[in-house]
Amino acid sequence: MWEYSDKVIDYFLHPRNVGELKDPDGIGEVGSLACGDMLRLTFKLDKNKRISEVAFKTFGCASAIASSSALTELIKGKTIEEAEKITNKDIADYLGGLPDEKMHCSVMGREALEAAIKNYQGEDSAKHELEGKVICKCFGVTDHEIERVAKENKLTTIKEVTDYTKAGGGCELCHDEIQKILDNINSKKHHDTKTEAKESQLTNLQIMHKVEEVIETRIKPALKHDSGGIELIDIDHFQVSLKFKDACATCPNSNVTLQQFIEKELQKEISPSIRVKEVK
Amino acid sequence: MKTIYVDNNATTRVGPEVVNAMLPFFSEMYGNPSSLHTFGGQVAKYIDNAREQVANLVQASRPSEIIFTGCGTESDNTAIRSALAASPEKKHIVTTNVEHPAVLNLCKHLEKTGYEVSYLKVDTKGQIDIEEFKSLIRPDTAVVSVMWANNETGVIFPIEEIAKICAEKEIPFHVDAIQAVGKIDINLSKTPITYLAISGHKIHAPKGIGALYIKRGTKFHPWLISGSHEQGRRAGTHNVASIVGLSKACELAQSDIKKEQIRVAKLRDLLENKILTSIEKTFVNGDQKHRLPNTTNISFEGIEGESILLMLNEFGICASSGSACSSGSLEPSHVLMAMKVPFTRAHGSVRFSLCKDNTEDEIKFIVEKLIEIVKKLRALSPVS
């Protein structure tokens, strides 16, 4: 027997907002009969572009029905921008939590909302095509979806990925690939903490030297190629002040060069915390 | 709220007569039947009597062909492992793909240790083909293991025919009869079966007691090793109270079996017919001609099994489902999948398993509530 919260049981036995709206502004459909759960979400906006009406129909277990109903309550009255921010965790939290093995029901809710918003924003089909490569063939889960849910919910094991996305819960042939995705996320995390450690160890003097070096060896030669140039004015910890010269001084796109090239190059080489500004 | 229990293939209520028979062995009769002194030794005759009762229920030729185990799973595991140990040079097993996990998962485990397993397929009614079975047998087949009746659908396999084939080819034949014992006639003196597994809690005895029939003359290899209990075939101090409980349960099952087979089948048919005629898009899973009298497995298309069970639960009705969600796995029952039941039906399957305690009023109440529940869930479903 599952340990469902009282709220899950309440929303299962007395679901709110059941049905299907006629001429909805957005319609989203996720899941399939083969997978054992399926959700169709419809909503309408009022003149202030807020979700005024919302309805769902769900084939699935108690927690799938409760999660769908909770989702409709959560998005009612919200703008699209506000609704977009709702995560599967918000749905589970609203219900007082879900058993681990049932977390995929909350993910299904978030996916249906996403599909309905995409449909509102102009996608023809109610079924939003998931991006990426299908990893779990049994349940049709892509690498993008696994990565996203794993990151959002801080998942570390294959069992957790299965609980949240169903991926890996069938023939189990994709377990190696799921593990690779998890390893990848974790190694990135390691990488992030490494760079953080590296930058916290840099002294002001070291930063100044490095900025000068990158500007002289990489940025100036590149700008010179287009007959442009810069002058380094000041370095205050991670804040770098520059002055455009030659062709760059009169170029209408110099701001793009500053942000997209110079700042990115310095961030890549020294620290993501580097900010660059132009002084005239 | 009154409990209406129609989940007897999962477990059964321990009968009041069974409890009464067991009680002295928790208090004044606490002796160890293996002791030399009278105080302990007097308990041994209750064990002997129990062995006789179990042997009678399955019509074994001798009580000594029965040993007591800790559960049905232990009986299944012991039998298969014993057969393999008896012919270590043979590395092939034949079973079906609808067995209980006590056999199926053991076979999957054995595959990893160098055994080859042939899984006999079932048709859409959950029935096997004898010719196909014959084709799977090889000179290196060490054991054949087939269940007598399926726990999910109640489908009964042609065990007598399989037994005859195995006997001709001198291959040990193990039968998981856990769902069949006490519900249909079993005659081991006429059916050449090598091993047969029995579980107490499916026949109104307590949980934690099982038995294994081992045909006389079988080269037996024990699983648990310790003292010389059960003539060296199953070590461990006897679970006396539970063995006495199993004894009483077997005695009661045997005296009721003829009458109950008919009465329970009538109730089951009433439930099944009422559901099929009053609720649209409902289908029976399994061979209705060869089926346990107490079991029906029904699919409610377009709705999900766990939801049905939890709504039935609100009315005190206990049943089970082959849906993925209800079990914690993500795929529907392996039995229904082997029968190629479509997903839309497999996810919406409910098993009702009756027993001697169920009444006609209960059946009518279940149908009445099911009509409401299915209507409510179908209104919620995006699949019309």
# chains A, B, ... in the order shown; residues from 1 in each chain; ligands from 1
$ interface_residues --of "chain B" --to "chain A" --cutoff "12 Å" --atoms "only C-alpha atoms" --output "number ranges by chain"
B: 301-314, 318-334, 337, 341-349, 373, 376-384
$ write_last_selection --atoms "C-alpha atoms" --output "compact mmCIF listing (two decimals), in the first residue's frame"
# COMPACT_ATOMS: atom_id res chain seq x y z
CA GLU B 301 -10.75 -0.52 -20.40
CA GLY B 302 -9.59 3.09 -20.33
CA ILE B 303 -9.13 3.39 -16.57
CA GLU B 304 -6.28 2.46 -14.30
CA GLY B 305 -6.22 -0.39 -11.81
CA GLU B 306 -4.75 1.37 -8.81
CA SER B 307 -7.41 4.06 -9.02
CA ILE B 308 -10.13 1.40 -9.07
CA LEU B 309 -8.57 -0.37 -6.06
CA LEU B 310 -8.27 2.80 -3.98
CA MET B 311 -11.86 3.76 -4.69
CA LEU B 312 -13.00 0.22 -3.78
CA ASN B 313 -10.90 0.63 -0.64
CA GLU B 314 -13.08 3.60 0.34
CA CYS B 318 -10.14 -5.40 -0.84
CA ALA B 319 -8.98 -6.62 -4.25
CA SER B 320 -5.75 -6.40 -6.27
CA SER B 321 -4.59 -5.31 -9.68
CA GLY B 322 -2.14 -6.24 -12.39
CA SER B 323 -1.63 -2.59 -13.26
CA ALA B 324 1.86 -1.16 -13.18
CA CYS B 325 1.10 1.57 -10.68
CA SER B 326 -0.37 -0.67 -8.03
CA SER B 327 2.73 -2.82 -7.77
CA GLY B 328 5.42 -0.16 -7.74
CA SER B 329 6.87 -1.44 -10.96
CA LEU B 330 6.32 0.57 -14.10
CA GLU B 331 5.10 -2.19 -16.34
CA PRO B 332 1.86 -4.13 -16.03
CA SER B 333 1.78 -7.72 -14.77
CA HIS B 334 4.12 -10.13 -16.57
CA MET B 337 1.81 -9.12 -20.86
CA VAL B 341 -3.46 -8.35 -23.19
CA PRO B 342 -3.39 -4.83 -24.73
CA PHE B 343 -1.93 -2.10 -22.52
CA THR B 344 -5.30 -0.30 -22.33
CA ARG B 345 -6.72 -3.38 -20.62
CA ALA B 346 -3.67 -4.56 -18.70
CA HIS B 347 -3.36 -1.27 -16.82
CA GLY B 348 -7.05 -1.49 -15.92
CA SER B 349 -7.12 -5.06 -14.64
CA ILE B 373 -16.44 3.91 -9.50
CA LYS B 376 -16.46 8.34 -12.07
CA LEU B 377 -13.05 7.29 -13.35
CA ARG B 378 -14.17 7.15 -16.97
CA ALA B 379 -15.45 10.73 -16.64
CA LEU B 380 -11.92 11.67 -15.55
CA SER B 381 -10.21 9.76 -18.34
CA PRO B 382 -8.99 11.42 -21.55
CA VAL B 383 -9.57 8.10 -23.32
CA SER B 384 -13.22 7.79 -24.24
$ select_by_dssp --residues "stretch 35-80 of chain A" --states "strand (DSSP E or B)" --output "list in words"
Asp37, Met38, Leu39, Arg40, Leu41, Thr42, Phe43, Lys44, Leu45, Arg50, Ile51, Ser52, Glu53, Val54, Ala55, Phe56, Lys57, Thr58, Phe59 and Thr79 of chain A
$ write_last_selection --atoms "N, CA, C and O atoms" --output "short mmCIF file (atom, residue, chain, number, x, y, z; two decimals), in the first residue's frame"
data_model
loop_
_atom_site.label_atom_id
_atom_site.label_comp_id
_atom_site.auth_asym_id
_atom_site.auth_seq_id
_atom_site.Cartn_x
_atom_site.Cartn_y
_atom_site.Cartn_z
N ASP A 37 -0.11 6.13 -17.89
CA ASP A 37 -0.75 7.39 -17.51
C ASP A 37 -0.71 8.40 -18.65
O ASP A 37 0.15 8.38 -19.51
N MET A 38 -1.71 9.26 -18.62
CA MET A 38 -1.92 10.19 -19.73
C MET A 38 -2.71 11.37 -19.17
O MET A 38 -3.63 11.19 -18.38
N LEU A 39 -2.30 12.58 -19.59
CA LEU A 39 -2.94 13.79 -19.05
C LEU A 39 -3.22 14.77 -20.17
O LEU A 39 -2.33 15.04 -21.00
N ARG A 40 -4.45 15.29 -20.22
CA ARG A 40 -4.79 16.34 -21.18
C ARG A 40 -5.21 17.57 -20.40
O ARG A 40 -6.14 17.55 -19.60
N LEU A 41 -4.47 18.66 -20.62
CA LEU A 41 -4.68 19.90 -19.88
C LEU A 41 -5.17 20.98 -20.85
O LEU A 41 -4.59 21.14 -21.93
N THR A 42 -6.21 21.71 -20.48
CA THR A 42 -6.67 22.83 -21.31
C THR A 42 -6.81 24.07 -20.44
O THR A 42 -7.21 23.96 -19.27
N PHE A 43 -6.47 25.24 -20.99
CA PHE A 43 -6.68 26.47 -20.22
C PHE A 43 -7.13 27.62 -21.12
O PHE A 43 -6.94 27.58 -22.34
N LYS A 44 -7.75 28.61 -20.48
CA LYS A 44 -8.17 29.83 -21.17
C LYS A 44 -7.63 31.02 -20.41
O LYS A 44 -7.55 30.99 -19.18
N LEU A 45 -7.31 32.10 -21.16
CA LEU A 45 -6.80 33.32 -20.53
C LEU A 45 -7.91 34.37 -20.50
O LEU A 45 -8.77 34.41 -21.39
N ARG A 50 -4.37 36.40 -17.85
CA ARG A 50 -4.18 35.48 -16.73
C ARG A 50 -5.00 34.22 -16.99
O ARG A 50 -6.05 34.29 -17.64
N ILE A 51 -4.51 33.07 -16.46
CA ILE A 51 -5.23 31.81 -16.67
C ILE A 51 -6.50 31.86 -15.81
O ILE A 51 -6.43 31.83 -14.59
N SER A 52 -7.65 32.00 -16.50
CA SER A 52 -8.90 32.16 -15.75
C SER A 52 -9.64 30.83 -15.63
O SER A 52 -10.33 30.57 -14.66
N GLU A 53 -9.51 30.00 -16.65
CA GLU A 53 -10.18 28.70 -16.61
C GLU A 53 -9.16 27.63 -16.94
O GLU A 53 -8.33 27.80 -17.83
N VAL A 54 -9.26 26.50 -16.24
CA VAL A 54 -8.33 25.40 -16.50
C VAL A 54 -9.05 24.08 -16.18
O VAL A 54 -9.87 24.01 -15.25
N ALA A 55 -8.77 23.07 -17.00
CA ALA A 55 -9.41 21.76 -16.78
C ALA A 55 -8.46 20.64 -17.18
O ALA A 55 -7.55 20.85 -17.99
N PHE A 56 -8.65 19.47 -16.56
CA PHE A 56 -7.79 18.34 -16.89
C PHE A 56 -8.60 17.06 -17.02
O PHE A 56 -9.68 16.93 -16.45
N LYS A 57 -8.03 16.14 -17.78
CA LYS A 57 -8.54 14.76 -17.81
C LYS A 57 -7.33 13.85 -17.71
O LYS A 57 -6.35 14.04 -18.42
N THR A 58 -7.40 12.88 -16.81
CA THR A 58 -6.24 12.02 -16.58
C THR A 58 -6.62 10.55 -16.52
O THR A 58 -7.60 10.18 -15.89
N PHE A 59 -5.81 9.75 -17.22
CA PHE A 59 -5.86 8.30 -17.08
C PHE A 59 -4.64 7.95 -16.25
O PHE A 59 -3.52 8.30 -16.62
N THR A 79 -0.23 34.38 -14.70
CA THR A 79 0.10 34.71 -16.08
C THR A 79 0.93 33.55 -16.63
O THR A 79 1.41 32.71 -15.86
#
$ residues_around --residues "B:Glu74" --least-positions-apart "2" --cutoff "9 Å" --atoms "only C-alpha atoms" --output "ChimeraX atom specification"
/B:69-72,76-79,102,197,210-212,223
$ atom_distance --atom1 "atom CA of A:Glu265" --atom2 "atom CA of A:Leu232"
14.9 Å
$ residues_around --residues "stretch 256-265 of chain B" --least-positions-apart "5" --cutoff "10 Å" --atoms "only C-alpha atoms" --output "list in words"
Leu57, Val181, Gly182, Lys183, Ile184, Asp185, Cys250, Glu251, Leu270, Leu271, Arg291, Leu292, Pro293, Asn294, Thr295, Thr296, Ser353, Leu354, Cys355, Lys356, Asp357, Asn358, Thr359 and Glu360 of chain B
$ write_last_selection --atoms "N, CA, C and O atoms" --output "mmCIF file, in the first residue's frame"
data_model
loop_
_atom_site.group_PDB
_atom_site.id
_atom_site.type_symbol
_atom_site.label_atom_id
_atom_site.label_comp_id
_atom_site.auth_asym_id
_atom_site.auth_seq_id
_atom_site.Cartn_x
_atom_site.Cartn_y
_atom_site.Cartn_z
ATOM 1 N N LEU B 57 -4.620 -34.063 2.083
ATOM 2 C CA LEU B 57 -5.220 -33.029 1.228
ATOM 3 C C LEU B 57 -4.741 -33.146 -0.221
ATOM 4 O O LEU B 57 -5.502 -32.904 -1.152
ATOM 5 N N VAL B 181 -3.867 -25.814 -4.228
ATOM 6 C CA VAL B 181 -4.123 -26.667 -3.064
ATOM 7 C C VAL B 181 -5.313 -26.135 -2.257
ATOM 8 O O VAL B 181 -5.406 -24.941 -1.989
ATOM 9 N N GLY B 182 -6.215 -27.028 -1.941
ATOM 10 C CA GLY B 182 -7.384 -26.644 -1.146
ATOM 11 C C GLY B 182 -8.523 -26.076 -1.980
ATOM 12 O O GLY B 182 -9.631 -25.886 -1.485
ATOM 13 N N LYS B 183 -8.245 -25.753 -3.251
ATOM 14 C CA LYS B 183 -9.297 -25.188 -4.104
ATOM 15 C C LYS B 183 -9.784 -26.194 -5.137
ATOM 16 O O LYS B 183 -10.947 -26.166 -5.533
ATOM 17 N N ILE B 184 -8.873 -27.039 -5.624
ATOM 18 C CA ILE B 184 -9.266 -28.082 -6.584
ATOM 19 C C ILE B 184 -8.646 -29.413 -6.140
ATOM 20 O O ILE B 184 -7.727 -29.433 -5.330
ATOM 21 N N ASP B 185 -9.175 -30.498 -6.688
ATOM 22 C CA ASP B 185 -8.676 -31.818 -6.297
ATOM 23 C C ASP B 185 -7.261 -32.038 -6.808
ATOM 24 O O ASP B 185 -6.974 -31.802 -7.976
ATOM 25 N N CYS B 250 -5.699 -27.638 6.591
ATOM 26 C CA CYS B 250 -5.806 -28.697 5.577
ATOM 27 C C CYS B 250 -7.019 -29.588 5.833
ATOM 28 O O CYS B 250 -7.739 -29.967 4.914
ATOM 29 N N GLU B 251 -7.216 -29.904 7.116
ATOM 30 C CA GLU B 251 -8.350 -30.752 7.495
ATOM 31 C C GLU B 251 -9.670 -30.080 7.083
ATOM 32 O O GLU B 251 -10.546 -30.706 6.482
ATOM 33 N N LEU B 270 -21.336 -15.143 -10.584
ATOM 34 C CA LEU B 270 -22.321 -14.075 -10.379
ATOM 35 C C LEU B 270 -21.621 -12.711 -10.487
ATOM 36 O O LEU B 270 -22.083 -11.809 -11.193
ATOM 37 N N LEU B 271 -20.485 -12.592 -9.792
ATOM 38 C CA LEU B 271 -19.719 -11.344 -9.814
ATOM 39 C C LEU B 271 -19.287 -11.014 -11.251
ATOM 40 O O LEU B 271 -19.492 -9.899 -11.739
ATOM 41 N N ARG B 291 -10.116 -22.975 -14.979
ATOM 42 C CA ARG B 291 -9.795 -21.885 -14.060
ATOM 43 C C ARG B 291 -10.162 -22.272 -12.634
ATOM 44 O O ARG B 291 -11.105 -23.044 -12.416
ATOM 45 N N LEU B 292 -9.446 -21.717 -11.676
ATOM 46 C CA LEU B 292 -9.787 -21.953 -10.271
ATOM 47 C C LEU B 292 -11.213 -21.450 -10.030
ATOM 48 O O LEU B 292 -11.618 -20.452 -10.622
ATOM 49 N N PRO B 293 -11.947 -22.098 -9.135
ATOM 50 C CA PRO B 293 -13.338 -21.675 -8.934
ATOM 51 C C PRO B 293 -13.476 -20.302 -8.268
ATOM 52 O O PRO B 293 -14.541 -19.689 -8.332
ATOM 53 N N ASN B 294 -12.405 -19.821 -7.640
ATOM 54 C CA ASN B 294 -12.543 -18.606 -6.820
ATOM 55 C C ASN B 294 -12.049 -17.336 -7.498
ATOM 56 O O ASN B 294 -12.201 -16.253 -6.955
ATOM 57 N N THR B 295 -11.396 -17.463 -8.667
ATOM 58 C CA THR B 295 -10.673 -16.312 -9.220
ATOM 59 C C THR B 295 -11.312 -15.760 -10.483
ATOM 60 O O THR B 295 -11.729 -16.533 -11.350
ATOM 61 N N THR B 296 -11.367 -14.422 -10.589
ATOM 62 C CA THR B 296 -11.657 -13.796 -11.868
ATOM 63 C C THR B 296 -10.772 -12.567 -12.005
ATOM 64 O O THR B 296 -10.558 -11.835 -11.047
ATOM 65 N N SER B 353 -10.499 -12.448 -5.894
ATOM 66 C CA SER B 353 -10.316 -13.849 -5.523
ATOM 67 C C SER B 353 -11.095 -14.132 -4.244
ATOM 68 O O SER B 353 -10.851 -13.538 -3.205
ATOM 69 N N LEU B 354 -12.065 -15.031 -4.383
ATOM 70 C CA LEU B 354 -13.043 -15.279 -3.314
ATOM 71 C C LEU B 354 -12.605 -16.427 -2.408
ATOM 72 O O LEU B 354 -11.623 -17.120 -2.693
ATOM 73 N N CYS B 355 -13.373 -16.627 -1.336
ATOM 74 C CA CYS B 355 -13.133 -17.783 -0.464
ATOM 75 C C CYS B 355 -14.445 -18.188 0.190
ATOM 76 O O CYS B 355 -15.488 -17.593 -0.076
ATOM 77 N N LYS B 356 -14.345 -19.166 1.070
ATOM 78 C CA LYS B 356 -15.558 -19.717 1.684
ATOM 79 C C LYS B 356 -16.309 -18.700 2.538
ATOM 80 O O LYS B 356 -17.475 -18.896 2.844
ATOM 81 N N ASP B 357 -15.647 -17.607 2.939
ATOM 82 C CA ASP B 357 -16.309 -16.626 3.801
ATOM 83 C C ASP B 357 -17.182 -15.627 3.035
ATOM 84 O O ASP B 357 -17.972 -14.905 3.635
ATOM 85 N N ASN B 358 -17.042 -15.528 1.712
ATOM 86 C CA ASN B 358 -17.779 -14.515 0.956
ATOM 87 C C ASN B 358 -19.252 -14.894 0.769
ATOM 88 O O ASN B 358 -19.600 -16.069 0.724
ATOM 89 N N THR B 359 -20.101 -13.861 0.674
ATOM 90 C CA THR B 359 -21.545 -14.089 0.545
ATOM 91 C C THR B 359 -22.082 -13.403 -0.707
ATOM 92 O O THR B 359 -21.424 -12.534 -1.284
ATOM 93 N N GLU B 360 -23.317 -13.754 -1.048
ATOM 94 C CA GLU B 360 -23.960 -13.165 -2.225
ATOM 95 C C GLU B 360 -24.193 -11.662 -2.025
ATOM 96 O O GLU B 360 -24.044 -10.877 -2.960
#
$ select_by_dssp --residues "stretch 96-279 of chain A" --states "alpha helix (DSSP H)" --output "PyMOL selection string"
chain A and resi 103-120+143-152+158-165+175-201+204-214+220-225+246-250+254-256+264-269
$ residues_around --residues "stretch 124-141 of chain B" --least-positions-apart "3" --cutoff "8 Å" --atoms "only C-alpha atoms" --output "PDB file with N, CA, C and O atoms, in the first residue's frame"
ATOM      1  N   GLU B  89      25.373 -32.404 -13.885  1.00  0.00           N
ATOM      2  CA  GLU B  89      25.887 -32.340 -15.266  1.00  0.00           C
ATOM      3  C   GLU B  89      24.849 -31.745 -16.220  1.00  0.00           C
ATOM      4  O   GLU B  89      25.174 -31.327 -17.321  1.00  0.00           O
ATOM      5  N   LYS B  90      23.592 -31.705 -15.761  1.00  0.00           N
ATOM      6  CA  LYS B  90      22.525 -31.166 -16.627  1.00  0.00           C
ATOM      7  C   LYS B  90      22.312 -29.686 -16.325  1.00  0.00           C
ATOM      8  O   LYS B  90      22.191 -29.300 -15.170  1.00  0.00           O
ATOM      9  N   LYS B  91      22.267 -28.875 -17.375  1.00  0.00           N
ATOM     10  CA  LYS B  91      22.259 -27.420 -17.170  1.00  0.00           C
ATOM     11  C   LYS B  91      21.057 -26.739 -17.827  1.00  0.00           C
ATOM     12  O   LYS B  91      21.144 -25.581 -18.224  1.00  0.00           O
ATOM     13  N   HIS B  92      19.960 -27.465 -17.965  1.00  0.00           N
ATOM     14  CA  HIS B  92      18.806 -26.871 -18.667  1.00  0.00           C
ATOM     15  C   HIS B  92      17.539 -27.008 -17.818  1.00  0.00           C
ATOM     16  O   HIS B  92      17.313 -28.039 -17.190  1.00  0.00           O
ATOM     17  N   ILE B  93      16.739 -25.929 -17.809  1.00  0.00           N
ATOM     18  CA  ILE B  93      15.494 -25.903 -17.021  1.00  0.00           C
ATOM     19  C   ILE B  93      14.356 -25.521 -17.964  1.00  0.00           C
ATOM     20  O   ILE B  93      14.538 -24.669 -18.842  1.00  0.00           O
ATOM     21  N   VAL B  94      13.193 -26.137 -17.777  1.00  0.00           N
ATOM     22  CA  VAL B  94      12.003 -25.728 -18.539  1.00  0.00           C
ATOM     23  C   VAL B  94      10.972 -25.192 -17.552  1.00  0.00           C
ATOM     24  O   VAL B  94      10.678 -25.833 -16.531  1.00  0.00           O
ATOM     25  N   SER B 118      14.409 -22.511 -20.631  1.00  0.00           N
ATOM     26  CA  SER B 118      13.427 -22.341 -21.711  1.00  0.00           C
ATOM     27  C   SER B 118      12.104 -21.954 -21.070  1.00  0.00           C
ATOM     28  O   SER B 118      11.614 -22.655 -20.184  1.00  0.00           O
ATOM     29  N   LEU B 120       8.270 -21.533 -21.499  1.00  0.00           N
ATOM     30  CA  LEU B 120       7.128 -21.917 -22.318  1.00  0.00           C
ATOM     31  C   LEU B 120       6.174 -20.726 -22.402  1.00  0.00           C
ATOM     32  O   LEU B 120       5.823 -20.137 -21.375  1.00  0.00           O
ATOM     33  N   LYS B 121       5.755 -20.382 -23.619  1.00  0.00           N
ATOM     34  CA  LYS B 121       4.852 -19.232 -23.810  1.00  0.00           C
ATOM     35  C   LYS B 121       3.409 -19.639 -23.537  1.00  0.00           C
ATOM     36  O   LYS B 121       3.070 -20.820 -23.583  1.00  0.00           O
ATOM     37  N   VAL B 144      11.777 -29.680 -14.707  1.00  0.00           N
ATOM     38  CA  VAL B 144      10.667 -28.931 -15.304  1.00  0.00           C
ATOM     39  C   VAL B 144       9.882 -28.348 -14.132  1.00  0.00           C
ATOM     40  O   VAL B 144       9.601 -29.057 -13.170  1.00  0.00           O
ATOM     41  N   THR B 153      -4.619 -15.031 -12.768  1.00  0.00           N
ATOM     42  CA  THR B 153      -5.809 -15.293 -13.590  1.00  0.00           C
ATOM     43  C   THR B 153      -6.589 -16.514 -13.121  1.00  0.00           C
ATOM     44  O   THR B 153      -7.738 -16.699 -13.501  1.00  0.00           O
ATOM     45  N   VAL B 155      -5.921 -19.444 -14.091  1.00  0.00           N
ATOM     46  CA  VAL B 155      -5.862 -20.446 -15.172  1.00  0.00           C
ATOM     47  C   VAL B 155      -5.132 -21.706 -14.685  1.00  0.00           C
ATOM     48  O   VAL B 155      -4.066 -21.631 -14.081  1.00  0.00           O
ATOM     49  N   ILE B 156      -5.768 -22.864 -14.955  1.00  0.00           N
ATOM     50  CA  ILE B 156      -5.205 -24.155 -14.532  1.00  0.00           C
ATOM     51  C   ILE B 156      -4.489 -24.795 -15.720  1.00  0.00           C
ATOM     52  O   ILE B 156      -5.050 -24.892 -16.811  1.00  0.00           O
ATOM     53  N   PHE B 157      -3.260 -25.215 -15.487  1.00  0.00           N
ATOM     54  CA  PHE B 157      -2.471 -25.856 -16.547  1.00  0.00           C
ATOM     55  C   PHE B 157      -2.721 -27.372 -16.545  1.00  0.00           C
ATOM     56  O   PHE B 157      -3.058 -27.949 -15.504  1.00  0.00           O
ATOM     57  N   GLU B 161      -0.983 -34.107 -17.728  1.00  0.00           N
ATOM     58  CA  GLU B 161      -0.338 -34.414 -19.017  1.00  0.00           C
ATOM     59  C   GLU B 161       1.164 -34.143 -18.967  1.00  0.00           C
ATOM     60  O   GLU B 161       1.976 -34.939 -19.443  1.00  0.00           O
ATOM     61  N   ILE B 162       1.519 -32.991 -18.370  1.00  0.00           N
ATOM     62  CA  ILE B 162       2.950 -32.642 -18.272  1.00  0.00           C
ATOM     63  C   ILE B 162       3.670 -33.672 -17.404  1.00  0.00           C
ATOM     64  O   ILE B 162       4.774 -34.123 -17.733  1.00  0.00           O
ATOM     65  N   ILE B 165       4.468 -36.827 -19.307  1.00  0.00           N
ATOM     66  CA  ILE B 165       5.592 -36.649 -20.247  1.00  0.00           C
ATOM     67  C   ILE B 165       6.926 -36.657 -19.492  1.00  0.00           C
ATOM     68  O   ILE B 165       7.880 -37.325 -19.890  1.00  0.00           O
ATOM     69  N   ILE B 171      12.418 -37.012 -16.141  1.00  0.00           N
ATOM     70  CA  ILE B 171      12.881 -35.682 -15.746  1.00  0.00           C
ATOM     71  C   ILE B 171      12.121 -35.283 -14.482  1.00  0.00           C
ATOM     72  O   ILE B 171      10.887 -35.383 -14.443  1.00  0.00           O
ATOM     73  N   ASN B 285      -9.842 -11.801 -18.288  1.00  0.00           N
ATOM     74  CA  ASN B 285      -8.519 -12.263 -18.694  1.00  0.00           C
ATOM     75  C   ASN B 285      -8.340 -13.708 -18.240  1.00  0.00           C
ATOM     76  O   ASN B 285      -8.450 -13.990 -17.054  1.00  0.00           O
ATOM     77  N   GLY B 286      -8.058 -14.596 -19.201  1.00  0.00           N
ATOM     78  CA  GLY B 286      -7.777 -15.988 -18.828  1.00  0.00           C
ATOM     79  C   GLY B 286      -8.816 -16.973 -19.331  1.00  0.00           C
ATOM     80  O   GLY B 286      -9.958 -16.621 -19.605  1.00  0.00           O
ATOM     81  N   ASP B 287      -8.376 -18.212 -19.412  1.00  0.00           N
ATOM     82  CA  ASP B 287      -9.165 -19.326 -19.916  1.00  0.00           C
ATOM     83  C   ASP B 287     -10.296 -19.657 -18.932  1.00  0.00           C
ATOM     84  O   ASP B 287     -10.065 -20.247 -17.876  1.00  0.00           O
ATOM     85  N   VAL B 335       2.196 -11.592 -16.306  1.00  0.00           N
ATOM     86  CA  VAL B 335       1.253 -12.624 -16.748  1.00  0.00           C
ATOM     87  C   VAL B 335       0.363 -12.058 -17.860  1.00  0.00           C
ATOM     88  O   VAL B 335       0.206 -12.670 -18.927  1.00  0.00           O
ATOM     89  N   ALA B 338       2.372 -11.513 -20.982  1.00  0.00           N
ATOM     90  CA  ALA B 338       2.643 -12.775 -21.680  1.00  0.00           C
ATOM     91  C   ALA B 338       1.413 -13.223 -22.467  1.00  0.00           C
ATOM     92  O   ALA B 338       1.526 -13.870 -23.508  1.00  0.00           O
ATOM     93  N   MET B 339       0.215 -12.859 -21.974  1.00  0.00           N
ATOM     94  CA  MET B 339      -1.030 -13.216 -22.665  1.00  0.00           C
ATOM     95  C   MET B 339      -1.362 -12.215 -23.770  1.00  0.00           C
ATOM     96  O   MET B 339      -2.415 -12.298 -24.382  1.00  0.00           O
ATOM     97  N   LYS B 340      -0.478 -11.242 -23.957  1.00  0.00           N
ATOM     98  CA  LYS B 340      -0.662 -10.188 -24.970  1.00  0.00           C
ATOM     99  C   LYS B 340      -1.954  -9.393 -24.756  1.00  0.00           C
ATOM    100  O   LYS B 340      -2.632  -8.983 -25.708  1.00  0.00           O
ATOM    101  N   VAL B 341      -2.326  -9.217 -23.505  1.00  0.00           N
ATOM    102  CA  VAL B 341      -3.461  -8.348 -23.192  1.00  0.00           C
ATOM    103  C   VAL B 341      -3.018  -6.932 -23.567  1.00  0.00           C
ATOM    104  O   VAL B 341      -1.930  -6.508 -23.160  1.00  0.00           O
TER     105      VAL B 341
END
$ closest_residue --among "B:Ala142, B:Ala50, B:Val14, B:Val58" --to "B:Ile214" --atoms "only C-alpha atoms"
B:Val58
$ atom_distance --atom1 "atom CA of A:Leu223" --atom2 "atom CA of A:Cys248"
8.1 Å
$ residues_around --residues "stretch 145-155 of chain A" --least-positions-apart "4" --cutoff "10 Å" --atoms "only C-alpha atoms" --output "PyMOL selection string"
chain A and resi 87-89+104+107+111+130-136+141+159-167+178+181-182+184-186
$ atom_distance --atom1 "atom CA of B:Asn20" --atom2 "atom CA of B:His201"
16.0 Å
$ residues_around --residues "A:Leu113" --least-positions-apart "3" --cutoff "9 Å" --atoms "only C-alpha atoms" --output "ChimeraX atom specification"
/A:27-29,41-42,71,75,83-84,86,108-110,116-118
